[in-house]
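Enquirer: Can you keep this structure in mind? I'll have questions shortly.
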Amino acid sequence: MNKNRICILGLGYIGLPTAGMFAVNGVPVLGVDTKKEIVDEISRGGVHIMEPGLRTIVSAAVSSGNLNVSTEVAPADVFVIAVPTPLTEKKRADLSYLFDAASMVMPHLKKGDMVIVESTIPPGTIQERLIPLLEQGGLKVNADFDIVHCPERVIPGKILFELVENDRIIGGSSQEAAARAEKLYRTFVRGSIFLTDLVTAEMVKLIENSYRDVNIAFANELSLTCRHLGVDPWEAIRLANRHPRVKILEPGPGVGGHCIAVDPWFIVEKAPLQSKLIQAARAINDSMPGVIVERISASVPAGAVVTLLGLTYKADVDDIRESPSLVIASLLKDLGFLVKAVDPYVTEYEGLSAVTLEEGLKESALMVALVSHSRFRSLKPQHVKALMADRRIMDIKRIFDRALWEAEGFSFIE
C-alpha cells in the first residue's frame with residue numbers, strides 16, 4: 001500500500017507538508033494546486049509558506065523524484081483533499097473549494113481507489129454531500145472506492161513535528177476503509193491512530209478547536225471582569241492556576257488562525273439550538289479587538305500615531321489568517337488613527353505595510369504589543385526609549401517586564 005501513488009489536492013499549510021512527508025518516506029506523490037506560481041516554486045524545491053524545516057523536506061522530496069507537482073489532477077490510487085474551508089460572511093462553511101477538488105478527482109476515480117479528506121468540514125458533509133458528488137461518476141462508495149476523513153491536527157510553527165508525533169483520528173466509510181487509510185498514514189505517523197466512522201471523525205476535529213475557543217473565551221471574560229473590578233487579570237489567573245486542578249489560559253486580543261476562529265461555527269451551523277456555549281465563546285473572542293480599540297481610543301486622541309507590534313495570529317509564524325491584529329488595525333484606521341505595524345514575518349496586507357521598529361515608533365503616541373514574537377520579547381527598554389518620545393505602552397500579551405520598563409520612564413496603559 002505504501003508504494004501506491006498519492007495525489008494531494010491543495011499545497012498549502014497542510015497539503016504541502018503532508019506531500020513532503022509521504023514523499024521523503026518513499027511514496028510517489030503528485031501535488032496539485034490551482035495556483036501556477038505555487039507549483040513553479042515547489043517544482044524548484046522551494047516553498048511559499050514559512051514553516052521550520054519545510055524547505056529542507058520539500059527540496060529533498062523533489063530531488064528524490066517522489067514529489068512532482070502540477071496544476072492538473074492525474075490518475076492515482078489515493079486522492080488526498082487538503083483544501084481550505086473558510087467561513088462565509090454568514091458564518092457558514094464555504095465548501096466550494098472542497099467540492100471543486102472532488103469534481104477534479106471524480107473523472108479520475110477508478111475501482112479500488114481511496115479518497116481521503118483532510119480539510120475540516122461540518123459533521124455529515126462527506127456522507128450527505130461529498131459521496132453523492134463522487135458517485136456521479138458511476139462508482140459506488142465501499143463497493144468500488146473507499147472514502148475516509150483524517151482531519152489535520154497540527155499548528156503552524158510545529159507542523160512537521162506534529163504530523164509525525166500527534167495522534168490521528170481516521171473515520172471511514174467502512175471499517176475496512178479506515179484500516180486501509182491507517183496503513184497508509186503509518187508511512188510516517190508515530191503517534192497513535194484511532195479508527196471511527198465518518199461523522200464522528202468530522203465532529204472530533206471541531207470539538208478540539210471549540211474546546212480551545214471556549215477556554216480562551218473564559219480567560220478573556222475573566223480579563224474583562226477583573227478590569228471592571230480593578231483587579232489585575234494576569235495576577236489573578238496566575239494565582240488561580242496554583243490550584244492543582246485549574247489551568248486557565250492567557251487572555252489576549254482575540255482568536256485567529258485557520259482553526260479555532262473558524263471551526264466552532266461549523267458546529268453552530270449544524271446544531272444552532274444545542275451550541276449556546278460555543279456561540280457565547282465566539283461572541284466573546286470576536287469582541288476583543290473592539291474592546292482593545294476602545295481602550296486605545298480612551299488613551300490617545302484620534303489622529304495620533306499608534307504602533308502595533310504584531311500582525312500574525314500567533315507568535316513566530318507568518319500566518320495572518322483570521323488575525324485579530326488585522327481587525328484592530330482596521331478599526332483604528334476607521335476611527336482616524338494613523339496605524340503603523342511592526343512585524344518581522346509580514347510585509348504587507350491589504351494596504352497595511354509593516355515597517356521597521358525605528359519607523360514604526362517615530363512620532364508614536366502609543367505602542368501596542370499584540371503578538372509575542374521572540375523579537376519583541378527581546379526588546380530592551382533602553383533601545384525603545386531612544387526611538388519613542390511619548391513612552392506609553394499597552395502590553396496586551398504581557399511580554400515586557402513592567403518594572404524594568406517603568407524604570408526607564410515608560411507608562412503602561414490598562
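Naming works like this for the C-alpha cells: A, B, ... for the chains as they're shown, residue 1 at the start of each chain, ligands 1 onward in shown order.
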Counting only C-alpha atoms, which residues of stretch 102-122 of chain A sit at most 12 Å from some atom of stretch 18-32 of chain A, and what is each one's closest atom pair with its distance in Å to one decimal, listed by chain and rising residue number, as a Markdown table?
Expert:
```
| residue | atom | partner | partner_atom | distance |
| --- | --- | --- | --- | --- |
| A:Met104 | CA | A:Val32 | CA | 10.4 |
| A:Val105 | CA | A:Val32 | CA | 10.9 |
| A:Glu118 | CA | A:Thr18 | CA | 10.1 |
```
Enquirer: Among stretch 56-222 of chain A, which residues does DSSP mark as strand (DSSP E or B) when it is run on the backbone? Keep the chain and numbering as in the structure and answer as number ranges by chain.
Expert: A: 67-70, 78-81, 87, 93, 114-117, 141, 145-149, 168-172, 193-197
Enquirer: Once you count only C-alpha atoms, what closest atom pair and distance in Å to one decimal does each residue of stretch 136-161 of chain A within 9 Å of stretch 196-214 of chain A have, with rows by chain and rising residue number, as a tab-separated table?
Expert:
```
residue	atom	partner	partner_atom	distance
A:Ile147	CA	A:Leu198	CA	8.7
A:Val148	CA	A:Leu198	CA	6.6
A:His149	CA	A:Leu198	CA	6.1
A:Cys150	CA	A:Ala201	CA	7.2
A:Pro151	CA	A:Lys205	CA	6.5
A:Glu152	CA	A:Lys205	CA	8.1
A:Arg153	CA	A:Lys205	CA	7.6
```
Enquirer: As a count of residues only, list the residues of stretch 49-286 of chain A assigned to helix (DSSP H, G or I) by DSSP on the backbone atoms of this structure.
Expert: 113
Enquirer: Between atom CA of A:Asp167 and atom CA of A:Phe188, what is the distance in Å, rounded to a tenth?
Expert: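 So the two atoms, atom CA of A:Asp167 and atom CA of A:Phe188, lie 11.8 Å apart.
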Enquirer: Which is closer to A:Ala76 than all the others in A:Phe410, A:Ser96, A:Gly290, A:Gly112, using only C-alpha atoms?
Expert: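 So, comparing all the options, the nearest one is A:Gly112.
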Enquirer: List the spatial neighbours of A:Glu162 as a count of residues only - criterion: any atom at most 10 Å away, only C-alpha atoms, same-chain residues fewer than 4 positions off excluded.
Expert: 12
Enquirer: If we count only C-alpha atoms and set the cut-off at 9 Å, which residues sit around A:Asp77, ignoring sequence neighbours fewer than 2 positions away in its own chain? Please answer as a list in words.
Expert: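 The filter keeps Asn4, Arg5, Ile6, Cys7, Pro75, Phe79, Leu109, Lys110, Gly112, Asp113, Met114 and Val115 of chain A.
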Enquirer: Would you mind exporting N, CA and C atoms of the selected residues as a CSV table (one decimal), in the first residue's frame?
Expert:
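Final output, again_12.csv:
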```csv
chain,number,residue,atom,x,y,z
A,4,ASN,N,1.9,2.9,-3.3
A,4,ASN,CA,0.9,3.4,-4.3
A,4,ASN,C,1.0,4.9,-4.5
A,5,ARG,N,0.7,5.4,-5.6
A,5,ARG,CA,0.8,6.8,-5.9
A,5,ARG,C,-0.3,7.6,-5.2
A,6,ILE,N,0.0,8.7,-4.7
A,6,ILE,CA,-0.9,9.6,-4.0
A,6,ILE,C,-1.0,10.9,-4.7
A,7,CYS,N,-2.2,11.4,-4.9
A,7,CYS,CA,-2.4,12.7,-5.5
A,7,CYS,C,-3.0,13.6,-4.4
A,75,PRO,N,-4.5,10.5,-12.7
A,75,PRO,CA,-4.9,9.2,-12.0
A,75,PRO,C,-3.9,8.9,-10.9
A,79,PHE,N,-6.4,9.7,-3.4
A,79,PHE,CA,-6.6,11.1,-3.6
A,79,PHE,C,-6.8,11.8,-2.2
A,109,LEU,N,-11.4,8.9,-10.8
A,109,LEU,CA,-11.6,7.9,-9.8
A,109,LEU,C,-11.9,6.5,-10.5
A,110,LYS,N,-11.2,5.5,-10.0
A,110,LYS,CA,-11.4,4.1,-10.6
A,110,LYS,C,-11.7,3.1,-9.5
A,112,GLY,N,-11.3,0.6,-6.8
A,112,GLY,CA,-10.2,0.3,-5.9
A,112,GLY,C,-9.5,1.5,-5.3
A,113,ASP,N,-9.8,2.7,-5.8
A,113,ASP,CA,-9.2,3.9,-5.3
A,113,ASP,C,-9.7,4.3,-3.9
A,114,MET,N,-9.0,5.2,-3.2
A,114,MET,CA,-9.4,5.7,-1.9
A,114,MET,C,-9.3,7.3,-2.0
A,115,VAL,N,-10.3,7.9,-1.4
A,115,VAL,CA,-10.4,9.4,-1.3
A,115,VAL,C,-10.3,9.7,0.2
```
